[in-house]
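Data first, discussion second: the structure below is written as structure tokens.
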Amino acid sequence: MASFQPNLKDLEAAGVPAAETQLVGDLQTTLGADLAKPGALADPTTLLRFVRAREKKIDAAAAMWRASDAWRRGHVPRALRDCGAFCDARDAALDDAPVEGRWSWTQHADASKSPSPRGRLGLAHGHATRLGEGPLSADGAPLLVWRLGAMDVEGVAREDLADALLMRQVAHLEDALQCARALSCAQKRMVRSRVIIDLKGLAIWATLRNLGVVKRIMAVGKAYYPEVTASVTIVNAPFGFETRRARAATDRSRAKRYDLCVFAQALARDIALHERHDAGQDQPRRRVVRERVAGPRQGVGRDRAAEMPRRHGGGPADAPARARGRRQGARGRRA
């Protein structure tokens, strides 16, 4: 039987950049008959996700595609059924509706609507959702909100709820992938979601003590869902999460953390900063967003420091004397 020969012009017309059409064509050839399975992720821009996720190594991309296909067939239908519902009666899990530019599944806002106890637990205690309405990014990409700070990690570990939350995460990632896939097929270009991570209320030490639970819930994304996100924006970040560059640029005494609802009102402006990804930029950008307090720009930090109690180190006027004292003490110890 003659081997499959991909049409590179058709791949480019479907939204694959010209420089990567040969790679996607090679992946099509490698996968062969697997792409003909009902509900297979066979459209060109989705195959491009696998190529980029495995650094353009075709054998590795094919292995990831097959692993993702087998895993999704075993877990996705139940996760979608227990955590949400399709608004269009024509649609079902693992069908070809996204190839036609349509994805109508939505996650239940009310946990009691889930038909299973496991689904109700996952919806009640999970953290991730996709915004179905409201502000969107300039390119219309889906927006995902991960309220990690609101998740009771210790409670999840104590009550052994990781499986229920993992099912919700599977439904969420499938929702993100298929929504982006539908947009990609409709717009003839690869669309990726943008993630907002809300850390309000994050219990840092409890999270660190139960980091294995968090890793287990999040691991499925890296293993089976390639190139789903284009950017990550962090809001309500505790002090210490900022990068050194962000700390240098923002005076802490003149800053306060955003609430998600406040940030969402100007979301398009801030998300636009993340829309600078070309075909060669595979890693999502991460940025901590902070809001400056209204008030005079000069003297605020200096006045706040001057009002510090003596037990906290005093104000900036004391700084030279204290620095001299430390240097003299160090010389005395060396002597």
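To be explicit about the labels: the chains of the structure tokens are called A, B, and onward in the order shown, and within each one the residues are counted from 1, while ligands get numbers from 1 in the order they are shown.
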So which residues of stretch 105-204 of chain A fall under alpha helix (DSSP H) by DSSP, listed as a ChimeraX atom specification? /A:117-125,153-158,162-187,204
Using only C-alpha atoms, pick whichever of A:His172, A:Arg194, A:Lys200, A:Arg209 has the shortest atom-to-atom distance to A:Ala157. A:Arg209
Considering only C-alpha atoms, tabulate each residue of stretch 67-94 of chain A that lies at most 9 Å from stretch 212-235 of chain A along with its nearest interatomic pair and the corresponding distance in Å to one decimal; arrange the rows by chain and ascending residue number and present them as JSON lines.
```
{"residue": "A:Ala67", "atom": "CA", "partner": "A:Tyr224", "partner_atom": "CA", "distance": 7.2}
{"residue": "A:Ser68", "atom": "CA", "partner": "A:Tyr224", "partner_atom": "CA", "distance": 4.6}
{"residue": "A:Asp69", "atom": "CA", "partner": "A:Tyr224", "partner_atom": "CA", "distance": 8.2}
{"residue": "A:Trp71", "atom": "CA", "partner": "A:Tyr224", "partner_atom": "CA", "distance": 7.7}
{"residue": "A:Arg72", "atom": "CA", "partner": "A:Tyr224", "partner_atom": "CA", "distance": 7.9}
```
With C-alpha atoms retained, write the just-selected residues as a short mmCIF file (atom, residue, chain, number, x, y, z; two decimals), in the first residue's frame.
```cif
data_model
loop_
_atom_site.label_atom_id
_atom_site.label_comp_id
_atom_site.auth_asym_id
_atom_site.auth_seq_id
_atom_site.Cartn_x
_atom_site.Cartn_y
_atom_site.Cartn_z
CA ALA A 67 -0.08 8.38 24.83
CA SER A 68 -2.43 11.38 24.95
CA ASP A 69 -4.95 9.69 22.63
CA TRP A 71 -5.22 8.35 28.03
CA ARG A 72 -7.91 10.80 26.92
#
```
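Residues with any atom within 7 Å of stretch 105-119 of chain A, counting only C-alpha atoms and excluding same-chain neighbours fewer than 2 positions away, are Asp82, Cys83, Gly84, Ala85, Phe86, Cys87, Trp103, Leu121, Gly122, Leu123, Ala124 and Ala164 of chain A.
The coordinates place atom CA of A:Leu41 at 17.1 Å from atom CA of A:Gln187.
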Give me, as an mmCIF file with N, CA, C and O atoms, in the first residue's frame, all polymer residues having an atom no more than 7 Å from stretch 45-53 of chain A, counting only C-alpha atoms and skipping those fewer than 5 positions away in the same chain.
```
data_model
loop_
_atom_site.group_PDB
_atom_site.id
_atom_site.type_symbol
_atom_site.label_atom_id
_atom_site.label_comp_id
_atom_site.auth_asym_id
_atom_site.auth_seq_id
_atom_site.Cartn_x
_atom_site.Cartn_y
_atom_site.Cartn_z
ATOM 1 N N GLY A 15 -3.247 26.816 8.708
ATOM 2 C CA GLY A 15 -2.732 27.631 9.799
ATOM 3 C C GLY A 15 -1.371 27.244 10.318
ATOM 4 O O GLY A 15 -0.881 27.844 11.274
ATOM 5 N N VAL A 16 -0.724 26.258 9.711
ATOM 6 C CA VAL A 16 0.618 25.871 10.129
ATOM 7 C C VAL A 16 1.626 26.809 9.466
ATOM 8 O O VAL A 16 1.579 26.988 8.241
ATOM 9 N N VAL A 24 5.064 18.958 10.559
ATOM 10 C CA VAL A 24 3.711 18.450 10.773
ATOM 11 C C VAL A 24 3.391 17.348 9.764
ATOM 12 O O VAL A 24 2.764 16.332 10.102
ATOM 13 N N ILE A 58 10.142 14.368 15.882
ATOM 14 C CA ILE A 58 8.938 13.719 15.381
ATOM 15 C C ILE A 58 8.623 12.440 16.138
ATOM 16 O O ILE A 58 7.462 12.180 16.486
ATOM 17 N N ALA A 61 7.201 13.388 19.436
ATOM 18 C CA ALA A 61 5.873 13.969 19.253
ATOM 19 C C ALA A 61 4.837 12.884 18.977
ATOM 20 O O ALA A 61 3.717 12.926 19.498
ATOM 21 N N TRP A 65 1.616 11.937 21.228
ATOM 22 C CA TRP A 65 0.273 11.934 20.628
ATOM 23 C C TRP A 65 -0.435 10.640 20.952
ATOM 24 O O TRP A 65 -1.608 10.637 21.362
ATOM 25 N N ARG A 181 -8.765 24.678 20.265
ATOM 26 C CA ARG A 181 -8.738 23.934 18.999
ATOM 27 C C ARG A 181 -9.842 24.405 18.055
ATOM 28 O O ARG A 181 -9.615 24.574 16.844
ATOM 29 N N SER A 184 -8.813 27.660 16.680
ATOM 30 C CA SER A 184 -7.710 27.472 15.729
ATOM 31 C C SER A 184 -8.225 27.021 14.378
ATOM 32 O O SER A 184 -7.783 27.521 13.332
ATOM 33 N N ARG A 189 -5.206 29.356 12.415
ATOM 34 C CA ARG A 189 -3.959 29.653 13.111
ATOM 35 C C ARG A 189 -4.017 28.988 14.473
ATOM 36 O O ARG A 189 -5.105 28.690 14.973
ATOM 37 N N MET A 190 -2.873 28.728 15.080
ATOM 38 C CA MET A 190 -2.868 28.062 16.372
ATOM 39 C C MET A 190 -3.176 29.063 17.477
ATOM 40 O O MET A 190 -2.446 30.030 17.677
ATOM 41 N N PRO A 226 -0.546 19.295 25.141
ATOM 42 C CA PRO A 226 0.585 20.113 24.684
ATOM 43 C C PRO A 226 0.178 21.506 24.242
ATOM 44 O O PRO A 226 -0.864 21.706 23.611
ATOM 45 N N GLU A 227 1.008 22.471 24.599
ATOM 46 C CA GLU A 227 0.877 23.837 24.076
ATOM 47 C C GLU A 227 -0.535 24.389 24.231
ATOM 48 O O GLU A 227 -1.097 24.980 23.308
ATOM 49 N N ASP A 282 8.281 29.081 22.540
ATOM 50 C CA ASP A 282 7.489 27.955 22.999
ATOM 51 C C ASP A 282 7.101 28.062 24.466
ATOM 52 O O ASP A 282 6.139 27.461 24.897
#
```
A:Ala206, A:Leu199, A:Arg158, A:Ala141: which is nearest A:Ala180, counting only C-alpha atoms?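 The shortest atom-to-atom distance to A:Ala180 comes from A:Ala141.
Interatomic distance, atom CA of A:Gly149 against atom CA of A:Val76: 26.1 Å.
Closest approach to A:Gly74 from the set A:Gly25, A:Met167, A:Gln5, A:Ala203 is made by A:Met167, with distances taken over only C-alpha atoms.
Non-sequential neighbours of A:Ala171 (distance at most 8 Å, separation of 2 or more positions within a chain, only C-alpha atoms) are A:Val76, A:Ala79, A:Leu80, A:Cys83, A:Met167, A:Arg168, A:Gln169, A:Leu173, A:Glu174, A:Asp175.
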